[in-house]
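Trainee: Input target.pdb, format and content: PDB, C-alpha atoms, pLDDT in the B column.
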ATOM      1  CA  MET C  15      23.637 -37.152 -22.704  1.00 56.00           C
ATOM      2  CA  THR C  16      21.318 -34.438 -21.460  1.00 72.00           C
ATOM      3  CA  LEU C  17      17.979 -34.351 -23.214  1.00 88.00           C
ATOM      4  CA  SER C  18      16.900 -30.890 -24.331  1.00 93.00           C
ATOM      5  CA  VAL C  19      14.761 -29.276 -26.992  1.00 95.00           C
ATOM      6  CA  GLY C  20      16.768 -28.539 -30.142  1.00 95.00           C
ATOM      7  CA  LYS C  21      19.171 -31.455 -29.573  1.00 95.00           C
ATOM      8  CA  LYS C  22      19.134 -34.947 -31.058  1.00 93.00           C
ATOM      9  CA  ALA C  23      16.895 -37.396 -29.245  1.00 93.00           C
ATOM     10  CA  PRO C  24      18.695 -40.487 -27.970  1.00 93.00           C
ATOM     11  CA  ALA C  25      18.659 -43.547 -30.215  1.00 92.00           C
ATOM     12  CA  PHE C  26      17.028 -46.587 -28.629  1.00 95.00           C
ATOM     13  CA  SER C  27      15.253 -49.839 -29.295  1.00 96.00           C
ATOM     14  CA  LEU C  28      12.521 -51.547 -27.268  1.00 97.00           C
ATOM     15  CA  PRO C  29      10.242 -54.555 -27.714  1.00 98.00           C
ATOM     16  CA  ARG C  30       6.756 -53.959 -29.098  1.00 96.00           C
ATOM     17  CA  SER C  31       3.674 -55.547 -27.573  1.00 96.00           C
ATOM     18  CA  ASP C  32       4.189 -58.570 -29.870  1.00 95.00           C
ATOM     19  CA  GLY C  33       7.801 -58.974 -28.681  1.00 95.00           C
ATOM     20  CA  THR C  34       9.453 -57.792 -31.917  1.00 95.00           C
ATOM     21  CA  LEU C  35      12.040 -55.039 -31.661  1.00 96.00           C
ATOM     22  CA  TRP C  36      11.214 -51.425 -32.532  1.00 95.00           C
ATOM     23  CA  LYS C  37      14.223 -49.190 -33.347  1.00 93.00           C
ATOM     24  CA  SER C  38      14.331 -45.417 -33.497  1.00 89.00           C
ATOM     25  CA  ALA C  39      16.728 -45.792 -36.440  1.00 82.00           C
ATOM     26  CA  ASP C  40      13.728 -47.083 -38.423  1.00 78.00           C
ATOM     27  CA  VAL C  41      12.146 -43.625 -38.117  1.00 75.00           C
ATOM     28  CA  TYR C  42      15.169 -41.322 -38.287  1.00 62.00           C
ATOM     29  CA  SER C  43      18.823 -41.920 -38.926  1.00 54.00           C
ATOM     30  CA  SER C  44      21.780 -40.953 -36.767  1.00 49.00           C
ATOM     31  CA  ASP C  45      23.198 -38.767 -39.562  1.00 49.00           C
ATOM     32  CA  GLY C  46      20.197 -36.432 -39.247  1.00 45.00           C
ATOM     33  CA  LYS C  47      18.499 -37.503 -42.454  1.00 47.00           C
ATOM     34  CA  ALA C  48      15.006 -38.917 -42.506  1.00 44.00           C
ATOM     35  CA  SER C  49      14.977 -42.664 -43.018  1.00 43.00           C
ATOM     36  CA  ASP C  50      13.734 -43.875 -46.395  1.00 41.00           C
ATOM     37  CA  ARG C  51      11.327 -46.208 -44.598  1.00 41.00           C
ATOM     38  CA  LYS C  52       9.463 -43.641 -42.516  1.00 55.00           C
ATOM     39  CA  GLY C  53      10.684 -40.045 -42.718  1.00 63.00           C
ATOM     40  CA  GLY C  54       8.028 -38.721 -40.393  1.00 85.00           C
ATOM     41  CA  LYS C  55       7.709 -37.248 -36.948  1.00 94.00           C
ATOM     42  CA  LEU C  56       7.575 -39.263 -33.774  1.00 95.00           C
ATOM     43  CA  VAL C  57       5.515 -38.822 -30.617  1.00 97.00           C
ATOM     44  CA  LEU C  58       6.726 -40.744 -27.581  1.00 98.00           C
ATOM     45  CA  TYR C  59       4.322 -40.663 -24.694  1.00 98.00           C
ATOM     46  CA  PHE C  60       5.518 -42.165 -21.423  1.00 98.00           C
ATOM     47  CA  TYR C  61       2.818 -43.271 -19.023  1.00 98.00           C
ATOM     48  CA  PRO C  62       2.828 -45.016 -15.627  1.00 97.00           C
ATOM     49  CA  LYS C  63       0.801 -48.217 -16.059  1.00 96.00           C
ATOM     50  CA  ASP C  64      -1.438 -50.112 -18.462  1.00 98.00           C
ATOM     51  CA  MET C  65      -5.151 -50.397 -17.700  1.00 97.00           C
ATOM     52  CA  THR C  66      -5.283 -47.623 -15.098  1.00 96.00           C
ATOM     53  CA  PRO C  67      -7.861 -44.835 -15.453  1.00 96.00           C
ATOM     54  CA  GLY C  68      -5.585 -41.933 -16.489  1.00 96.00           C
ATOM     55  CA  CYS C  69      -3.398 -44.055 -18.740  1.00 97.00           C
ATOM     56  CA  THR C  70      -6.445 -45.567 -20.423  1.00 97.00           C
ATOM     57  CA  LEU C  71      -7.934 -42.117 -21.104  1.00 98.00           C
ATOM     58  CA  GLU C  72      -4.634 -40.858 -22.477  1.00 98.00           C
ATOM     59  CA  GLY C  73      -4.310 -43.864 -24.782  1.00 98.00           C
ATOM     60  CA  GLN C  74      -7.914 -43.497 -25.930  1.00 98.00           C
ATOM     61  CA  ASP C  75      -7.304 -39.836 -26.812  1.00 98.00           C
ATOM     62  CA  PHE C  76      -4.252 -40.752 -28.906  1.00 98.00           C
ATOM     63  CA  ARG C  77      -6.281 -43.607 -30.451  1.00 98.00           C
ATOM     64  CA  ASP C  78      -9.169 -41.321 -31.376  1.00 98.00           C
ATOM     65  CA  LEU C  79      -6.807 -38.802 -32.989  1.00 98.00           C
ATOM     66  CA  HIS C  80      -4.675 -41.462 -34.687  1.00 98.00           C
ATOM     67  CA  PRO C  81      -6.025 -40.804 -38.227  1.00 98.00           C
ATOM     68  CA  ALA C  82      -5.112 -37.115 -37.839  1.00 98.00           C
ATOM     69  CA  PHE C  83      -1.630 -38.034 -36.581  1.00 97.00           C
ATOM     70  CA  LYS C  84      -1.196 -40.256 -39.652  1.00 95.00           C
ATOM     71  CA  ARG C  85      -2.224 -37.409 -41.955  1.00 96.00           C
ATOM     72  CA  ALA C  86       0.387 -35.265 -40.150  1.00 95.00           C
ATOM     73  CA  LYS C  87       2.983 -38.000 -40.907  1.00 94.00           C
ATOM     74  CA  THR C  88       3.469 -38.610 -37.203  1.00 95.00           C
ATOM     75  CA  THR C  89       4.003 -41.978 -35.546  1.00 94.00           C
ATOM     76  CA  VAL C  90       2.636 -42.314 -32.007  1.00 97.00           C
ATOM     77  CA  LEU C  91       4.223 -44.720 -29.512  1.00 97.00           C
ATOM     78  CA  GLY C  92       3.315 -45.323 -25.891  1.00 98.00           C
ATOM     79  CA  ILE C  93       6.050 -46.417 -23.476  1.00 98.00           C
ATOM     80  CA  SER C  94       5.787 -47.810 -19.964  1.00 98.00           C
ATOM     81  CA  LYS C  95       7.580 -50.364 -17.810  1.00 97.00           C
ATOM     82  CA  ASP C  96       4.803 -52.927 -18.302  1.00 98.00           C
ATOM     83  CA  SER C  97       5.588 -56.243 -20.001  1.00 97.00           C
ATOM     84  CA  CYS C  98       4.940 -56.974 -23.679  1.00 97.00           C
ATOM     85  CA  GLU C  99       2.200 -59.387 -22.644  1.00 97.00           C
ATOM     86  CA  ARG C 100       0.408 -56.738 -20.578  1.00 98.00           C
ATOM     87  CA  HIS C 101       0.812 -54.229 -23.425  1.00 97.00           C
ATOM     88  CA  ALA C 102      -0.729 -56.714 -25.869  1.00 97.00           C
ATOM     89  CA  LYS C 103      -3.788 -57.123 -23.621  1.00 98.00           C
ATOM     90  CA  PHE C 104      -4.097 -53.344 -23.150  1.00 98.00           C
ATOM     91  CA  ARG C 105      -3.800 -52.676 -26.908  1.00 97.00           C
ATOM     92  CA  ALA C 106      -6.394 -55.329 -27.736  1.00 97.00           C
ATOM     93  CA  LYS C 107      -8.825 -54.183 -25.047  1.00 98.00           C
ATOM     94  CA  GLU C 108      -8.651 -50.518 -26.081  1.00 98.00           C
ATOM     95  CA  ASP C 109      -8.184 -51.130 -29.828  1.00 98.00           C
ATOM     96  CA  PHE C 110      -5.045 -48.974 -29.986  1.00 98.00           C
ATOM     97  CA  PRO C 111      -3.806 -48.615 -33.594  1.00 97.00           C
ATOM     98  CA  PHE C 112      -0.324 -47.602 -32.402  1.00 97.00           C
ATOM     99  CA  GLU C 113       2.396 -49.600 -30.686  1.00 96.00           C
ATOM    100  CA  LEU C 114       3.123 -49.794 -26.996  1.00 98.00           C
ATOM    101  CA  LEU C 115       6.783 -50.359 -26.175  1.00 98.00           C
ATOM    102  CA  SER C 116       7.999 -52.200 -23.090  1.00 98.00           C
ATOM    103  CA  ASP C 117      10.803 -50.628 -21.054  1.00 98.00           C
ATOM    104  CA  GLU C 118      10.833 -53.105 -18.182  1.00 97.00           C
ATOM    105  CA  ASP C 119      14.366 -52.231 -17.073  1.00 96.00           C
ATOM    106  CA  GLY C 120      13.690 -48.481 -17.324  1.00 96.00           C
ATOM    107  CA  LYS C 121      16.730 -47.668 -19.468  1.00 96.00           C
ATOM    108  CA  VAL C 122      14.808 -45.631 -22.041  1.00 97.00           C
ATOM    109  CA  CYS C 123      12.818 -43.963 -19.270  1.00 97.00           C
ATOM    110  CA  GLY C 124      16.217 -42.939 -17.903  1.00 95.00           C
ATOM    111  CA  LEU C 125      17.350 -41.568 -21.276  1.00 95.00           C
ATOM    112  CA  PHE C 126      14.263 -39.350 -21.371  1.00 96.00           C
ATOM    113  CA  ASP C 127      14.496 -38.529 -17.645  1.00 95.00           C
ATOM    114  CA  VAL C 128      10.901 -39.479 -16.808  1.00 97.00           C
ATOM    115  CA  ILE C 129      11.496 -41.475 -13.606  1.00 94.00           C
ATOM    116  CA  ARG C 130      10.485 -39.378 -10.621  1.00 91.00           C
ATOM    117  CA  GLU C 131       9.622 -39.844  -6.968  1.00 90.00           C
ATOM    118  CA  LYS C 132       5.864 -40.173  -6.668  1.00 86.00           C
ATOM    119  CA  SER C 133       3.487 -40.548  -3.758  1.00 84.00           C
ATOM    120  CA  LEU C 134       0.334 -42.640  -3.481  1.00 81.00           C
ATOM    121  CA  TYR C 135      -1.633 -42.848  -0.248  1.00 89.00           C
ATOM    122  CA  GLY C 136       1.384 -41.499   1.621  1.00 90.00           C
ATOM    123  CA  ARG C 137       3.753 -44.139   0.210  1.00 90.00           C
ATOM    124  CA  LYS C 138       6.691 -42.796  -1.776  1.00 92.00           C
ATOM    125  CA  PHE C 139       8.081 -44.709  -4.749  1.00 86.00           C
ATOM    126  CA  MET C 140       9.921 -44.156  -8.028  1.00 92.00           C
ATOM    127  CA  GLY C 141       7.741 -44.241 -11.135  1.00 93.00           C
ATOM    128  CA  ILE C 142       7.119 -42.766 -14.562  1.00 96.00           C
ATOM    129  CA  GLU C 143       6.038 -39.141 -14.640  1.00 96.00           C
ATOM    130  CA  ARG C 144       3.533 -38.774 -17.487  1.00 97.00           C
ATOM    131  CA  SER C 145       5.586 -37.070 -20.231  1.00 98.00           C
ATOM    132  CA  THR C 146       5.437 -36.659 -24.008  1.00 98.00           C
ATOM    133  CA  PHE C 147       8.147 -35.880 -26.547  1.00 98.00           C
ATOM    134  CA  LEU C 148       7.806 -34.735 -30.157  1.00 98.00           C
ATOM    135  CA  ILE C 149      10.745 -35.608 -32.386  1.00 95.00           C
ATOM    136  CA  ASP C 150      11.056 -34.349 -35.959  1.00 93.00           C
ATOM    137  CA  ALA C 151      12.080 -36.379 -39.014  1.00 88.00           C
ATOM    138  CA  THR C 152      15.770 -35.633 -38.429  1.00 88.00           C
ATOM    139  CA  GLY C 153      15.677 -37.041 -34.880  1.00 90.00           C
ATOM    140  CA  THR C 154      15.699 -33.656 -33.151  1.00 93.00           C
ATOM    141  CA  LEU C 155      13.583 -33.141 -30.041  1.00 96.00           C
ATOM    142  CA  VAL C 156      11.315 -30.219 -30.889  1.00 97.00           C
ATOM    143  CA  ARG C 157       8.821 -30.222 -27.986  1.00 97.00           C
ATOM    144  CA  GLU C 158       8.434 -31.841 -24.604  1.00 97.00           C
ATOM    145  CA  TRP C 159       5.576 -31.942 -22.150  1.00 98.00           C
ATOM    146  CA  ARG C 160       6.217 -32.971 -18.551  1.00 96.00           C
ATOM    147  CA  LYS C 161       3.782 -33.549 -15.693  1.00 95.00           C
ATOM    148  CA  VAL C 162       1.098 -34.042 -18.343  1.00 97.00           C
ATOM    149  CA  ARG C 163      -2.553 -33.567 -17.539  1.00 96.00           C
ATOM    150  CA  VAL C 164      -4.506 -35.984 -19.743  1.00 97.00           C
ATOM    151  CA  LYS C 165      -7.485 -33.833 -20.727  1.00 96.00           C
ATOM    152  CA  GLY C 166      -6.785 -32.158 -24.065  1.00 97.00           C
ATOM    153  CA  HIS C 167      -3.156 -33.303 -24.148  1.00 98.00           C
ATOM    154  CA  ALA C 168      -3.298 -35.500 -27.277  1.00 98.00           C
ATOM    155  CA  ALA C 169      -4.971 -32.673 -29.227  1.00 98.00           C
ATOM    156  CA  GLU C 170      -2.225 -30.256 -28.124  1.00 98.00           C
ATOM    157  CA  VAL C 171       0.454 -32.708 -29.265  1.00 98.00           C
ATOM    158  CA  LEU C 172      -1.321 -33.137 -32.608  1.00 98.00           C
ATOM    159  CA  GLU C 173      -1.369 -29.374 -33.177  1.00 98.00           C
ATOM    160  CA  ALA C 174       2.349 -29.189 -32.410  1.00 98.00           C
ATOM    161  CA  ALA C 175       3.036 -32.034 -34.882  1.00 97.00           C
ATOM    162  CA  ARG C 176       0.958 -30.335 -37.572  1.00 96.00           C
ATOM    163  CA  SER C 177       2.905 -27.106 -37.120  1.00 95.00           C
ATOM    164  CA  LEU C 178       6.214 -28.748 -38.079  1.00 91.00           C
TER     165      LEU C 178
END
Would you mind writing the structure in this file as structure tokens?

Mentor:
Amino acid sequence: MTLSVGKKAPAFSLPRSDGTLWKSADVYSSDGKASDRKGGKLVLYFYPKDMTPGCTLEGQDFRDLHPAFKRAKTTVLGISKDSCERHAKFRAKEDFPFELLSDEDGKVCGLFDVIREKSLYGRKFMGIERSTFLIDATGTLVREWRKVRVKGHAAEVLEAARSL
């Protein structure tokens, strides 16, 4: 499946920071109808690593705008390859009101095509490219942001969610 704007987002499930399973089917159904339980929009933001400067700032921006996202009927989820335990510590430390999902094996990162070759101090490695996806209540990908710059990003995503 190739991910593209205007197409259905892939269905997936991942463990939350508390170890319980989160399922995309709980937000939207595979038949294109909004689920009775949620029926809202979904923001998935993929980030490289818990408790690093850029990832902390990004999470704080989504945290600070969380009430506005709720008013826009939009669920925010952060996804990285960190463990549930590390996510729980990060959430508690930063008081994040939204869930962080653990994709330790990188399968969901693969579905959303966010694994890229990166370079740090001359060393090349594969890692998560900071990316965000906005999915409507029917499960359709309506916007994507790749190679995200943190400053002002959460506000831009909020405006896009409000416009739906």

Trainee: Once the PyMOL selection byres ((chain C and resi 37) around 8) is applied to the coordinates I shared, what remains selected? I want it as a list in words.

Mentor: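 Given this file, the PyMOL selection byres ((chain C and resi 37) around 8) evaluates to Ala25, Phe26, Ser27, Leu28, Leu35, Trp36, Ser38, Ala39, Asp40 and Val41 of chain C.
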
Trainee: With distances taken over all atoms listed in the file, which residue among C:Ala106, C:Leu17, C:Ala175, C:Val156 lies nearest Thr88 (chain C)?

Mentor: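 Once distances to Thr88 (chain C) are computed over all atoms listed in the file, the minimum belongs to C:Ala175.
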
Trainee: With 5 Å on each side, where is the centre of the axis-aligned box around all listed atoms of region 86-99 of chain C, and how long are its edges in Å to one decimal, as JSON?

Mentor:
{"center_x": 4.0, "center_y": -47.3, "center_z": -29.4, "size_x": 17.2, "size_y": 34.1, "size_z": 33.1}

Trainee: Using the chain letters and residue numbers of this document, give as a list in words the residues selected by the PyMOL selection byres ((chain C and resi 86) around 10).

Mentor: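 Those residues are Gly54, Lys55, His80, Pro81, Ala82, Phe83, Lys84, Arg85, Lys87, Thr88, Thr89, Leu172, Glu173, Ala175, Arg176, Ser177 and Leu178 of chain C.
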
Trainee: Write to file, as a short mmCIF file (atom, residue, chain, number, x, y, z; two decimals), keeping the file's coordinate frame, the residues of the selection just made, with C-alpha atoms.

Mentor:
data_model
loop_
_atom_site.label_atom_id
_atom_site.label_comp_id
_atom_site.auth_asym_id
_atom_site.auth_seq_id
_atom_site.Cartn_x
_atom_site.Cartn_y
_atom_site.Cartn_z
CA GLY C 54 8.03 -38.72 -40.39
CA LYS C 55 7.71 -37.25 -36.95
CA HIS C 80 -4.68 -41.46 -34.69
CA PRO C 81 -6.02 -40.80 -38.23
CA ALA C 82 -5.11 -37.12 -37.84
CA PHE C 83 -1.63 -38.03 -36.58
CA LYS C 84 -1.20 -40.26 -39.65
CA ARG C 85 -2.22 -37.41 -41.96
CA LYS C 87 2.98 -38.00 -40.91
CA THR C 88 3.47 -38.61 -37.20
CA THR C 89 4.00 -41.98 -35.55
CA LEU C 172 -1.32 -33.14 -32.61
CA GLU C 173 -1.37 -29.37 -33.18
CA ALA C 175 3.04 -32.03 -34.88
CA ARG C 176 0.96 -30.34 -37.57
CA SER C 177 2.90 -27.11 -37.12
CA LEU C 178 6.21 -28.75 -38.08
#

Trainee: Between C:Gly68, C:Gly73, C:Pro62, C:Gly33, which residue has the minimum interatomic distance to Lys95 (chain C), considering all atoms listed in the file?

Mentor: C:Pro62

Trainee: Quick one: distance from CA of Ser31 (chain C) to CA of Ile93 (chain C) in Å, one decimal?

Mentor: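 We find that CA of Ser31 (chain C) and CA of Ile93 (chain C) lie 10.3 Å from each other.
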
Trainee: For a quick check of your reading of the model, name the residues lying within 6 Å of the coordinate (4.1, -43.2, -26.4), counting only C-alpha atoms, and write them as a list in words.

Mentor: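 In the file's frame, the residues around the point are Leu58, Tyr59, Phe60, Val90, Leu91, Gly92 and Ile93 of chain C.
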